[in-house]
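Here's my_file_2.cif, which has mmCIF, C-alpha atoms:
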```cif
data_final
#
loop_
_atom_site.group_PDB
_atom_site.id
_atom_site.type_symbol
_atom_site.label_atom_id
_atom_site.label_comp_id
_atom_site.auth_asym_id
_atom_site.auth_seq_id
_atom_site.Cartn_x
_atom_site.Cartn_y
_atom_site.Cartn_z
ATOM 1 C CA MET A 111 11.197 -14.374 -12.070
ATOM 2 C CA ASN A 112 9.752 -17.526 -10.540
ATOM 3 C CA TYR A 113 6.646 -16.218 -8.759
ATOM 4 C CA SER A 114 5.706 -19.706 -7.532
ATOM 5 C CA ILE A 115 8.107 -19.382 -4.584
ATOM 6 C CA PHE A 116 5.982 -16.550 -3.171
ATOM 7 C CA ARG A 117 2.642 -16.332 -1.402
ATOM 8 C CA PHE A 118 0.803 -13.149 -2.356
ATOM 9 C CA GLU A 119 -1.841 -11.117 -0.572
ATOM 10 C CA ALA A 120 -3.529 -7.730 -0.987
ATOM 11 C CA VAL A 121 -4.479 -5.887 2.197
ATOM 12 C CA VAL A 122 -5.743 -2.553 3.440
ATOM 13 C CA ASP A 123 -2.647 -1.164 5.131
ATOM 14 C CA PHE A 124 -4.545 1.667 6.769
ATOM 15 C CA ILE A 125 -7.576 3.898 6.484
ATOM 16 C CA GLU A 126 -7.430 7.459 7.722
ATOM 17 C CA VAL A 127 -10.669 8.963 9.011
ATOM 18 C CA ARG A 128 -11.550 12.465 10.128
ATOM 19 C CA ILE A 129 -13.798 12.762 13.148
ATOM 20 C CA HIS A 130 -15.745 15.740 14.483
ATOM 21 C CA THR A 131 -16.233 15.563 18.242
ATOM 22 C CA THR A 132 -19.006 17.137 20.294
ATOM 23 C CA THR A 133 -16.476 18.925 22.499
ATOM 24 C CA ARG A 134 -13.065 20.433 21.887
ATOM 25 C CA ASN A 135 -10.100 18.369 23.035
ATOM 26 C CA GLN A 136 -6.345 18.425 22.973
ATOM 27 C CA GLY A 137 -4.703 15.947 20.633
ATOM 28 C CA TRP A 138 -2.585 14.289 23.310
ATOM 29 C CA LYS A 139 -5.667 13.570 25.420
ATOM 30 C CA ILE A 140 -7.487 11.929 22.514
ATOM 31 C CA LYS A 141 -4.354 9.974 21.628
ATOM 32 C CA GLY A 142 -3.996 8.755 25.201
ATOM 33 C CA ALA A 143 -7.613 7.605 25.341
ATOM 34 C CA LEU A 144 -7.460 5.827 21.989
ATOM 35 C CA ALA A 145 -4.162 4.101 22.812
ATOM 36 C CA LEU A 146 -6.261 1.768 24.974
ATOM 37 C CA HIS A 147 -7.920 0.618 21.735
ATOM 38 C CA GLY A 148 -4.664 0.035 19.868
ATOM 39 C CA ILE A 149 -4.764 3.356 18.003
ATOM 40 C CA SER A 150 -1.496 5.284 17.897
ATOM 41 C CA TYR A 151 -1.911 7.894 15.144
ATOM 42 C CA VAL A 152 -4.084 10.869 16.120
ATOM 43 C CA GLU A 153 -3.574 14.395 14.780
ATOM 44 C CA PRO A 154 -5.734 17.469 15.501
ATOM 45 C CA VAL A 155 -6.989 19.386 12.462
ATOM 46 C CA GLN A 156 -6.302 23.131 12.586
ATOM 47 C CA PRO A 157 -5.744 23.254 16.357
ATOM 48 C CA ASP A 158 -5.528 26.555 18.189
ATOM 49 C CA ALA A 159 -2.334 27.776 19.839
ATOM 50 C CA ALA A 160 -2.953 25.542 22.862
ATOM 51 C CA GLY A 161 -3.567 22.455 20.714
ATOM 52 C CA TRP A 162 -7.352 22.337 21.122
ATOM 53 C CA SER A 163 -9.601 21.195 18.280
ATOM 54 C CA SER A 164 -12.860 19.381 17.614
ATOM 55 C CA HIS A 165 -11.618 17.737 14.400
ATOM 56 C CA PHE A 166 -9.027 14.946 14.335
ATOM 57 C CA ARG A 167 -7.369 12.708 11.761
ATOM 58 C CA ILE A 168 -6.952 9.116 12.891
ATOM 59 C CA LYS A 169 -5.176 6.271 11.078
ATOM 60 C CA LEU A 170 -6.569 2.788 11.601
ATOM 61 C CA TYR A 171 -4.226 -0.110 10.829
ATOM 62 C CA ASP A 172 -4.622 -3.878 10.524
ATOM 63 C CA LEU A 173 -8.217 -3.791 9.314
ATOM 64 C CA ARG A 174 -9.164 -7.068 7.651
ATOM 65 C CA THR A 175 -12.843 -6.283 7.086
ATOM 66 C CA HIS A 176 -15.252 -3.372 6.875
ATOM 67 C CA ALA A 177 -16.832 -4.721 10.064
ATOM 68 C CA ALA A 178 -13.471 -4.245 11.805
ATOM 69 C CA LEU A 179 -13.458 -0.628 10.614
ATOM 70 C CA GLN A 180 -16.926 -0.088 12.071
ATOM 71 C CA SER A 181 -15.846 -1.714 15.334
ATOM 72 C CA LYS A 182 -12.858 0.638 15.619
ATOM 73 C CA LEU A 183 -15.075 3.649 14.966
ATOM 74 C CA ALA A 184 -17.455 2.489 17.696
ATOM 75 C CA SER A 185 -14.495 2.285 20.092
ATOM 76 C CA ILE A 186 -13.434 5.805 19.143
ATOM 77 C CA GLU A 187 -16.942 7.175 19.649
ATOM 78 C CA SER A 188 -17.107 5.572 23.090
ATOM 79 C CA GLU A 189 -14.157 7.758 24.105
ATOM 80 C CA CYS A 190 -15.047 10.938 22.210
ATOM 81 C CA PRO A 191 -18.659 11.191 20.968
ATOM 82 C CA PHE A 192 -19.124 12.303 17.363
ATOM 83 C CA ALA A 193 -20.896 15.521 16.442
ATOM 84 C CA SER A 194 -21.254 14.234 12.868
ATOM 85 C CA PRO A 195 -20.462 10.970 11.061
ATOM 86 C CA PRO A 196 -16.737 10.345 10.458
ATOM 87 C CA VAL A 197 -15.449 10.399 6.885
ATOM 88 C CA VAL A 198 -12.621 8.601 5.101
ATOM 89 C CA THR A 199 -9.792 10.961 4.124
ATOM 90 C CA MET A 200 -7.118 8.508 2.968
ATOM 91 C CA ILE A 201 -6.604 4.832 2.208
ATOM 92 C CA GLU A 202 -3.489 2.806 1.527
ATOM 93 C CA VAL A 203 -3.738 -0.606 -0.122
ATOM 94 C CA ALA A 204 -0.726 -2.910 -0.200
ATOM 95 C CA PHE A 205 0.253 -5.854 -2.392
ATOM 96 C CA ASP A 206 2.546 -8.205 -0.466
ATOM 97 C CA GLY A 207 4.771 -11.075 -1.511
ATOM 98 C CA TYR A 208 5.915 -13.526 1.186
ATOM 99 C CA LEU A 209 8.350 -16.379 0.688
ATOM 100 C CA LYS A 210 6.599 -19.732 0.994
ATOM 101 C CA ASP A 211 9.766 -20.990 2.695
ATOM 102 C CA PRO A 212 10.769 -18.095 4.979
ATOM 103 C CA ALA A 213 13.603 -20.171 6.442
ATOM 104 C CA ALA A 214 15.480 -20.179 3.137
ATOM 105 C CA PRO A 215 19.004 -18.755 3.581
ATOM 106 C CA THR A 216 18.437 -16.355 0.677
ATOM 107 C CA ASN A 217 15.219 -15.039 2.236
ATOM 108 C CA HIS A 218 15.980 -11.338 1.925
ATOM 109 C CA ASN A 219 17.631 -11.693 -1.465
ATOM 110 C CA HIS A 220 14.473 -13.202 -2.965
ATOM 111 C CA LEU A 221 12.204 -10.661 -1.291
ATOM 112 C CA ALA A 222 14.444 -7.755 -2.276
ATOM 113 C CA ALA A 223 14.486 -9.022 -5.859
ATOM 114 C CA LEU A 224 10.677 -9.039 -5.948
ATOM 115 C CA ALA A 225 10.362 -5.616 -4.280
ATOM 116 C CA ALA A 226 12.933 -4.144 -6.670
ATOM 117 C CA ARG A 227 11.232 -5.672 -9.701
ATOM 118 C CA MET A 228 7.860 -4.181 -8.738
ATOM 119 C CA ALA A 229 9.380 -0.726 -8.279
ATOM 120 C CA TYR A 230 11.662 -0.865 -11.329
ATOM 121 C CA GLN A 231 9.042 -2.228 -13.721
ATOM 122 C CA LEU A 232 5.999 -0.292 -12.558
ATOM 123 C CA ALA A 233 3.757 0.194 -15.587
ATOM 124 C CA ALA A 234 2.005 3.435 -14.661
ATOM 125 C CA PRO A 235 3.703 5.662 -12.080
ATOM 126 C CA VAL A 236 1.377 8.323 -10.695
ATOM 127 C CA SER A 237 4.139 10.903 -11.096
ATOM 128 C CA PRO A 238 7.488 11.322 -12.881
ATOM 129 C CA ASN A 239 8.818 12.323 -9.456
ATOM 130 C CA SER A 240 10.551 9.050 -8.566
ATOM 131 C CA ARG A 241 13.246 8.628 -5.958
ATOM 132 C CA ILE A 242 14.900 6.207 -3.576
ATOM 133 C CA TYR A 243 15.273 7.052 0.098
ATOM 134 C CA ARG A 244 15.817 5.622 3.558
ATOM 135 C CA ASP A 245 13.900 7.291 6.388
ATOM 136 C CA GLY A 246 16.302 9.114 8.654
ATOM 137 C CA LYS A 247 19.354 7.468 7.100
ATOM 138 C CA GLY A 248 19.756 8.624 3.535
ATOM 139 C CA GLY A 249 18.333 10.231 0.437
ATOM 140 C CA PRO A 250 16.163 11.019 -1.250
ATOM 141 C CA THR A 251 18.147 10.526 -4.422
ATOM 142 C CA ALA A 252 17.500 9.508 -8.021
ATOM 143 C CA LEU A 253 16.541 5.919 -8.750
ATOM 144 C CA PRO A 254 19.480 3.685 -9.692
ATOM 145 C CA ARG A 255 19.461 2.874 -13.393
ATOM 146 C CA THR A 256 19.626 -0.914 -13.089
ATOM 147 C CA LEU A 257 17.440 -3.519 -11.438
ATOM 148 C CA GLU A 258 20.440 -5.062 -9.685
ATOM 149 C CA ALA A 259 21.351 -1.739 -8.071
ATOM 150 C CA ILE A 260 17.812 -1.289 -6.743
ATOM 151 C CA GLU A 261 17.886 -4.846 -5.329
ATOM 152 C CA ARG A 262 21.032 -4.020 -3.364
ATOM 153 C CA LYS A 263 19.405 -0.868 -2.020
ATOM 154 C CA MET A 264 16.271 -2.780 -1.003
ATOM 155 C CA VAL A 265 18.335 -5.235 1.068
ATOM 156 C CA GLU A 266 19.885 -2.226 2.829
ATOM 157 C CA GLY A 267 16.449 -0.877 3.760
ATOM 158 C CA TRP A 268 15.907 1.727 1.053
ATOM 159 C CA ASN A 269 12.432 2.611 -0.262
ATOM 160 C CA VAL A 270 11.260 3.656 -3.721
ATOM 161 C CA GLY A 271 8.596 6.354 -3.970
ATOM 162 C CA PHE A 272 6.599 7.740 -6.896
ATOM 163 C CA GLY A 273 4.987 11.123 -6.288
ATOM 164 C CA ASP A 274 5.060 13.439 -3.307
ATOM 165 C CA LYS A 275 4.139 11.938 0.068
ATOM 166 C CA THR A 276 1.556 14.667 0.607
ATOM 167 C CA ALA A 277 -0.003 14.330 -2.865
ATOM 168 C CA ASP A 278 -3.399 12.747 -3.555
ATOM 169 C CA GLN A 279 -1.670 9.726 -5.140
ATOM 170 C CA TYR A 280 1.504 8.074 -3.912
ATOM 171 C CA GLN A 281 3.121 4.731 -4.804
ATOM 172 C CA HIS A 282 5.700 3.105 -2.590
ATOM 173 C CA GLY A 283 7.793 -0.061 -2.889
ATOM 174 C CA TYR A 284 10.100 -1.596 -0.300
ATOM 175 C CA LEU A 285 11.134 -4.643 1.711
ATOM 176 C CA LYS A 286 8.924 -4.642 4.807
ATOM 177 C CA THR A 287 10.713 -5.713 7.998
ATOM 178 C CA THR A 288 8.990 -3.450 10.573
ATOM 179 C CA ASP A 289 5.420 -2.595 11.562
ATOM 180 C CA HIS A 290 3.807 0.842 11.249
ATOM 181 C CA ASN A 291 5.386 1.826 14.577
ATOM 182 C CA LYS A 292 8.849 0.983 13.148
ATOM 183 C CA LYS A 293 9.185 -2.041 15.422
ATOM 184 C CA PRO A 294 10.830 -5.182 13.938
ATOM 185 C CA ILE A 295 8.485 -7.955 12.829
ATOM 186 C CA PRO A 296 9.301 -11.704 12.789
ATOM 187 C CA VAL A 297 11.459 -12.831 9.873
ATOM 188 C CA GLU A 298 8.784 -15.247 8.678
ATOM 189 C CA ILE A 299 6.468 -12.347 7.844
ATOM 190 C CA HIS A 300 9.048 -10.144 6.157
ATOM 191 C CA ARG A 301 7.716 -9.349 2.713
ATOM 192 C CA ALA A 302 8.144 -7.460 -0.527
ATOM 193 C CA ARG A 303 5.529 -4.728 -0.571
ATOM 194 C CA PHE A 304 4.091 -2.298 -3.093
ATOM 195 C CA GLU A 305 1.541 0.281 -1.925
ATOM 196 C CA ILE A 306 -0.874 2.748 -3.452
ATOM 197 C CA ARG A 307 -2.112 5.586 -1.254
ATOM 198 C CA LEU A 308 -5.127 7.660 -2.281
ATOM 199 C CA ALA A 309 -6.452 10.872 -0.735
ATOM 200 C CA GLY A 310 -8.220 14.081 -1.686
ATOM 201 C CA ALA A 311 -9.509 14.169 -5.255
ATOM 202 C CA ALA A 312 -8.109 10.669 -5.927
ATOM 203 C CA LEU A 313 -10.086 9.068 -3.092
ATOM 204 C CA PRO A 314 -12.897 6.871 -4.496
ATOM 205 C CA ASP A 315 -15.313 7.763 -1.677
ATOM 206 C CA GLN A 316 -15.429 9.484 1.712
ATOM 207 C CA ASP A 317 -18.539 7.753 3.008
ATOM 208 C CA ILE A 318 -17.770 5.007 5.529
ATOM 209 C CA ASP A 319 -20.690 2.789 4.495
ATOM 210 C CA SER A 320 -19.859 3.046 0.794
ATOM 211 C CA TRP A 321 -16.510 1.386 1.426
ATOM 212 C CA LYS A 322 -18.226 -1.841 2.435
ATOM 213 C CA SER A 323 -18.993 -2.646 -1.213
ATOM 214 C CA PHE A 324 -15.864 -1.116 -2.737
ATOM 215 C CA LYS A 325 -14.273 -3.142 -5.551
ATOM 216 C CA PHE A 326 -10.578 -3.169 -4.715
ATOM 217 C CA GLU A 327 -9.754 -4.736 -8.084
ATOM 218 C CA SER A 328 -10.516 -1.303 -9.556
ATOM 219 C CA LEU A 329 -7.135 -0.256 -8.124
ATOM 220 C CA ALA A 330 -5.251 -2.794 -10.277
ATOM 221 C CA PRO A 331 -3.981 -0.134 -12.745
ATOM 222 C CA TYR A 332 -2.024 1.432 -9.873
ATOM 223 C CA ILE A 333 -0.341 -1.919 -9.152
ATOM 224 C CA SER A 334 0.535 -3.200 -12.611
ATOM 225 C CA PHE A 335 3.928 -4.111 -13.982
ATOM 226 C CA ARG A 336 5.971 -4.606 -17.125
ATOM 227 C CA LYS A 337 8.884 -6.918 -17.758
ATOM 228 C CA ALA A 338 11.907 -7.029 -19.988
ATOM 229 C CA ASP A 339 11.444 -9.340 -22.951
ATOM 230 C CA PRO A 340 13.904 -12.244 -22.465
ATOM 231 C CA THR A 341 14.311 -12.395 -26.258
ATOM 232 C CA ALA A 342 15.509 -8.785 -26.438
ATOM 233 C CA ASP A 343 19.078 -8.460 -27.648
ATOM 234 C CA GLN A 344 21.870 -6.888 -25.612
ATOM 235 C CA MET A 345 21.382 -3.471 -27.157
ATOM 236 C CA GLN A 346 17.681 -3.466 -26.280
ATOM 237 C CA GLN A 347 18.447 -4.579 -22.729
ATOM 238 C CA ALA A 348 20.961 -1.753 -22.497
ATOM 239 C CA ILE A 349 18.235 0.688 -23.518
ATOM 240 C CA ILE A 350 16.098 -0.547 -20.623
ATOM 241 C CA ALA A 351 18.945 -0.200 -18.133
ATOM 242 C CA GLY A 352 19.938 3.208 -19.447
ATOM 243 C CA TYR A 353 16.751 5.212 -18.961
ATOM 244 C CA ALA A 354 17.772 8.192 -16.854
ATOM 245 C CA ASP A 355 14.194 8.955 -15.896
ATOM 246 C CA ARG A 356 12.466 5.599 -15.770
ATOM 247 C CA ALA A 357 9.209 6.850 -14.320
ATOM 248 C CA SER A 358 8.475 9.453 -16.971
ATOM 249 C CA HIS A 359 9.594 7.058 -19.705
ATOM 250 C CA ARG A 360 7.406 4.191 -18.569
ATOM 251 C CA LYS A 361 4.409 6.455 -18.383
ATOM 252 C CA ALA A 362 4.940 7.321 -22.036
ATOM 253 C CA ILE A 363 5.187 3.730 -23.259
ATOM 254 C CA PRO A 364 2.428 3.058 -25.818
ATOM 255 C CA ARG A 365 0.301 0.166 -24.589
ATOM 256 C CA LYS A 366 -1.141 -0.980 -27.904
ATOM 257 C CA ASP A 367 1.610 -0.315 -30.439
ATOM 258 C CA SER A 368 3.513 -3.598 -30.401
ATOM 259 C CA SER A 369 5.729 -2.388 -33.227
ATOM 260 C CA ASN A 370 7.214 0.248 -30.958
ATOM 261 C CA THR A 371 10.642 -0.845 -29.691
ATOM 262 C CA ARG A 372 10.033 0.385 -26.159
ATOM 263 C CA ALA A 373 6.703 -1.429 -25.894
ATOM 264 C CA HIS A 374 8.322 -4.565 -27.306
ATOM 265 C CA ILE A 375 11.145 -4.705 -24.794
ATOM 266 C CA MET A 376 8.885 -3.917 -21.829
ATOM 267 C CA PRO A 377 5.616 -5.810 -22.397
ATOM 268 C CA ALA A 378 3.101 -6.301 -19.603
ATOM 269 C CA ASP A 379 4.068 -8.801 -16.924
ATOM 270 C CA THR A 380 0.843 -10.721 -17.474
ATOM 271 C CA GLU A 381 1.560 -13.369 -14.850
ATOM 272 C CA LEU A 382 2.203 -10.906 -12.036
ATOM 273 C CA ASN A 383 -0.635 -8.611 -13.107
ATOM 274 C CA GLN A 384 -3.076 -11.523 -12.974
ATOM 275 C CA ILE A 385 -1.845 -12.375 -9.473
ATOM 276 C CA VAL A 386 -2.417 -8.761 -8.418
ATOM 277 C CA LYS A 387 -5.956 -8.754 -9.793
ATOM 278 C CA ARG A 388 -6.849 -12.061 -8.101
ATOM 279 C CA GLN A 389 -5.540 -10.868 -4.755
ATOM 280 C CA LEU A 390 -7.445 -7.586 -5.022
ATOM 281 C CA GLN A 391 -10.593 -9.583 -5.786
ATOM 282 C CA HIS A 392 -9.924 -11.719 -2.703
ATOM 283 C CA LEU A 393 -9.547 -8.522 -0.698
ATOM 284 C CA THR A 394 -12.931 -7.307 -1.966
ATOM 285 C CA ARG A 395 -14.622 -10.511 -0.797
ATOM 286 C CA ARG A 396 -12.825 -10.564 2.554
ATOM 287 C CA TRP A 397 -13.439 -6.870 3.206
ATOM 288 C CA SER A 398 -17.201 -7.124 2.722
ATOM 289 C CA TYR A 399 -17.529 -10.364 4.698
ATOM 290 C CA VAL A 400 -19.957 -10.307 7.601
ATOM 291 C CA ARG A 401 -19.937 -13.184 10.053
ATOM 292 C CA LYS A 402 -23.405 -14.660 10.346
ATOM 293 C CA SER A 403 -24.767 -15.073 13.838
ATOM 294 C CA ALA A 404 -25.478 -18.628 14.883
ATOM 295 C CA LYS A 405 -29.141 -19.483 14.618
ATOM 296 C CA ILE A 406 -30.850 -20.344 17.871
ATOM 297 C CA SER A 407 -32.958 -23.454 17.589
ATOM 298 C CA THR A 408 -36.573 -23.111 18.703
ATOM 299 C CA LYS A 409 -37.189 -26.848 18.656
ATOM 300 C CA LYS A 410 -37.807 -28.594 21.951
#
```

As structure tokens:
Amino acid sequence: MNYSIFRFEAVVDFIEVRIHTTTRNQGWKIKGALALHGISYVEPVQPDAAGWSSHFRIKLYDLRTHAALQSKLASIESECPFASPPVVTMIEVAFDGYLKDPAAPTNHNHLAALAARMAYQLAAPVSPNSRIYRDGKGGPTALPRTLEAIERKMVEGWNVGFGDKTADQYQHGYLKTTDHNKKPIPVEIHRARFEIRLAGAALPDQDIDSWKSFKFESLAPYISFRKADPTADQMQQAIIAGYADRASHRKAIPRKDSSNTRAHIMPADTELNQIVKRQLQHLTRRWSYVRKSAKISTKK
């Protein structure tokens, strides 16, 4: 694939925090108050029969920096004071590919091809439980056995998932055409997306401050890919297309034994993996960035 036609970026899709408030509240009241700050996802933790709780899970989207996370938390505390410091309970990091020329007539075909390739050639699925689904419209069902079939599904709005959505690790690939509220986004920012979501025991840290210096490039193994060797003969290519359970097979591929046929016909996609690592490094720098205040001159 010609990756030069794409512009890539790694972003924090969302961070979920758990807050402990000084007084008990009903979830809908907290949600209503936080809607004024652009926050739409609020869920009470272990509420009573009437929906009252003093613990809430809140998802914060569109955070470009750690400072933005702190600003959102300050807004939340202004509405519902904290009894103890909030903690991170989940994070989702996304790797996006945009077309450099979004006006191209084959826009969705190119993006779907990239999204399908990332899902189909994932190097290390977090689970052999792989499936393709379309929220509210179809599935889940087994992954198609060819790249071309997955591309067609991507254009139609299907998603590929690895693992259970409620598990500590979940990978997700799709063609992104809506925001987190399921509202359509402009065509020029449609993109091929691959996500890794971490929670529970898989979460690197729960401490808010510790995330300021987090090295996002450490997540690269979750977003790494293989490719079919273009020199492989037709029989070898047929082997690739014929894996009934691609996720469990790929996880078993030896990484260092180049004499192994499977490793030979699906070597690492070095070019794309290097792009992923660079973009995660850019995310690390951007995330920890703090705007310096302008110095006030004391000269007269």

| task | Can you pull out every residue within 9 Å of stretch 269-283 of chain A, counting only C-alpha atoms, but drop anything in the same chain fewer than 4 positions away, and send it as a ChimeraX atom specification? | result | /A:200,225-226,228-230,235-245,253,260,263-264,302-313,332-333,357

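Atom to atom, atom CA of A:Pro191 and atom CA of A:Thr131 stand 5.7 Å apart.
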
| task | Extract, using all atoms listed in the file, all DNA, RNA and protein residues at most 9 Å from A:Gly137, discarding same-chain residues fewer than 4 positions from it, and format them as an MDAnalysis selection string. | result | chainID A and resid 141:142 152:154 157 161:163 166

Resulting file, chosen residues, C-alpha atoms, as a CSV table (one decimal), in the coordinates of the input:
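part_5.csv was written with the following content:
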```
chain,number,residue,atom,x,y,z
A,141,LYS,CA,-4.4,10.0,21.6
A,142,GLY,CA,-4.0,8.8,25.2
A,152,VAL,CA,-4.1,10.9,16.1
A,153,GLU,CA,-3.6,14.4,14.8
A,154,PRO,CA,-5.7,17.5,15.5
A,157,PRO,CA,-5.7,23.3,16.4
A,161,GLY,CA,-3.6,22.5,20.7
A,162,TRP,CA,-7.4,22.3,21.1
A,163,SER,CA,-9.6,21.2,18.3
A,166,PHE,CA,-9.0,14.9,14.3
```

| note | Restricting to all atoms listed in the file, whichever of A:Arg396, A:Leu390, A:Arg174, A:Val122 is closest to A:Pro331 is A:Leu390

| Output of the PyMOL selection byres ((chain A and resi 209) around 7), listed as number ranges by chain | A: 115-117, 207-208, 210-212

| message | I'd like the residues picked by the PyMOL selection byres ((chain A and resi 176-182) around 10) written out as a PyMOL selection string, using the chain letters and numbers from the file. | response | chain A and resi 124-125+144+147-149+170-175+183-188+318-324+394+396-401

Take the residues from that selection and put them in a file with C-alpha atoms, as a PDB file, keeping the file's coordinate frame.
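Contents of the output file part.pdb:
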```pdb
ATOM      1  CA  PHE A 124      -4.545   1.667   6.769  1.00  0.00           C
ATOM      2  CA  ILE A 125      -7.576   3.898   6.484  1.00  0.00           C
ATOM      3  CA  LEU A 144      -7.460   5.827  21.989  1.00  0.00           C
ATOM      4  CA  HIS A 147      -7.920   0.618  21.735  1.00  0.00           C
ATOM      5  CA  GLY A 148      -4.664   0.035  19.868  1.00  0.00           C
ATOM      6  CA  ILE A 149      -4.764   3.356  18.003  1.00  0.00           C
ATOM      7  CA  LEU A 170      -6.569   2.788  11.601  1.00  0.00           C
ATOM      8  CA  TYR A 171      -4.226  -0.110  10.829  1.00  0.00           C
ATOM      9  CA  ASP A 172      -4.622  -3.878  10.524  1.00  0.00           C
ATOM     10  CA  LEU A 173      -8.217  -3.791   9.314  1.00  0.00           C
ATOM     11  CA  ARG A 174      -9.164  -7.068   7.651  1.00  0.00           C
ATOM     12  CA  THR A 175     -12.843  -6.283   7.086  1.00  0.00           C
ATOM     13  CA  LEU A 183     -15.075   3.649  14.966  1.00  0.00           C
ATOM     14  CA  ALA A 184     -17.455   2.489  17.696  1.00  0.00           C
ATOM     15  CA  SER A 185     -14.495   2.285  20.092  1.00  0.00           C
ATOM     16  CA  ILE A 186     -13.434   5.805  19.143  1.00  0.00           C
ATOM     17  CA  GLU A 187     -16.942   7.175  19.649  1.00  0.00           C
ATOM     18  CA  SER A 188     -17.107   5.572  23.090  1.00  0.00           C
ATOM     19  CA  ILE A 318     -17.770   5.007   5.529  1.00  0.00           C
ATOM     20  CA  ASP A 319     -20.690   2.789   4.495  1.00  0.00           C
ATOM     21  CA  SER A 320     -19.859   3.046   0.794  1.00  0.00           C
ATOM     22  CA  TRP A 321     -16.510   1.386   1.426  1.00  0.00           C
ATOM     23  CA  LYS A 322     -18.226  -1.841   2.435  1.00  0.00           C
ATOM     24  CA  SER A 323     -18.993  -2.646  -1.213  1.00  0.00           C
ATOM     25  CA  PHE A 324     -15.864  -1.116  -2.737  1.00  0.00           C
ATOM     26  CA  THR A 394     -12.931  -7.307  -1.966  1.00  0.00           C
ATOM     27  CA  ARG A 396     -12.825 -10.564   2.554  1.00  0.00           C
ATOM     28  CA  TRP A 397     -13.439  -6.870   3.206  1.00  0.00           C
ATOM     29  CA  SER A 398     -17.201  -7.124   2.722  1.00  0.00           C
ATOM     30  CA  TYR A 399     -17.529 -10.364   4.698  1.00  0.00           C
ATOM     31  CA  VAL A 400     -19.957 -10.307   7.601  1.00  0.00           C
ATOM     32  CA  ARG A 401     -19.937 -13.184  10.053  1.00  0.00           C
TER      33      ARG A 401
END
```

| remark: Counting all atoms listed in the file, closest pick from A:Ala120, A:Thr133, A:Ala378, A:Ala222 relative to A:Phe326 is A:Ala120

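Checking A:Arg336, A:Val121, A:Arg255, A:Arg388 one by one against A:Ala204, counting all atoms listed in the file, you find the shortest gap at A:Val121.
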
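Nearest to A:Arg395 of all the residues A:Glu327, A:Leu382, A:Phe192, A:His300 is A:Glu327, based on all atoms listed in the file.
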
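Nearest residue to A:Thr256, choosing from A:Glu298, A:Cys190, A:Gln231, A:Asn112 and counting all atoms listed in the file: A:Gln231.
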
| task | Go through A:Val155, A:Ile299, A:Ala233, A:Val265 one by one, measure the shortest atom-to-atom distance of each to A:Leu285 using all atoms listed in the file, and give the residue with the smallest value. | result | A:Val265
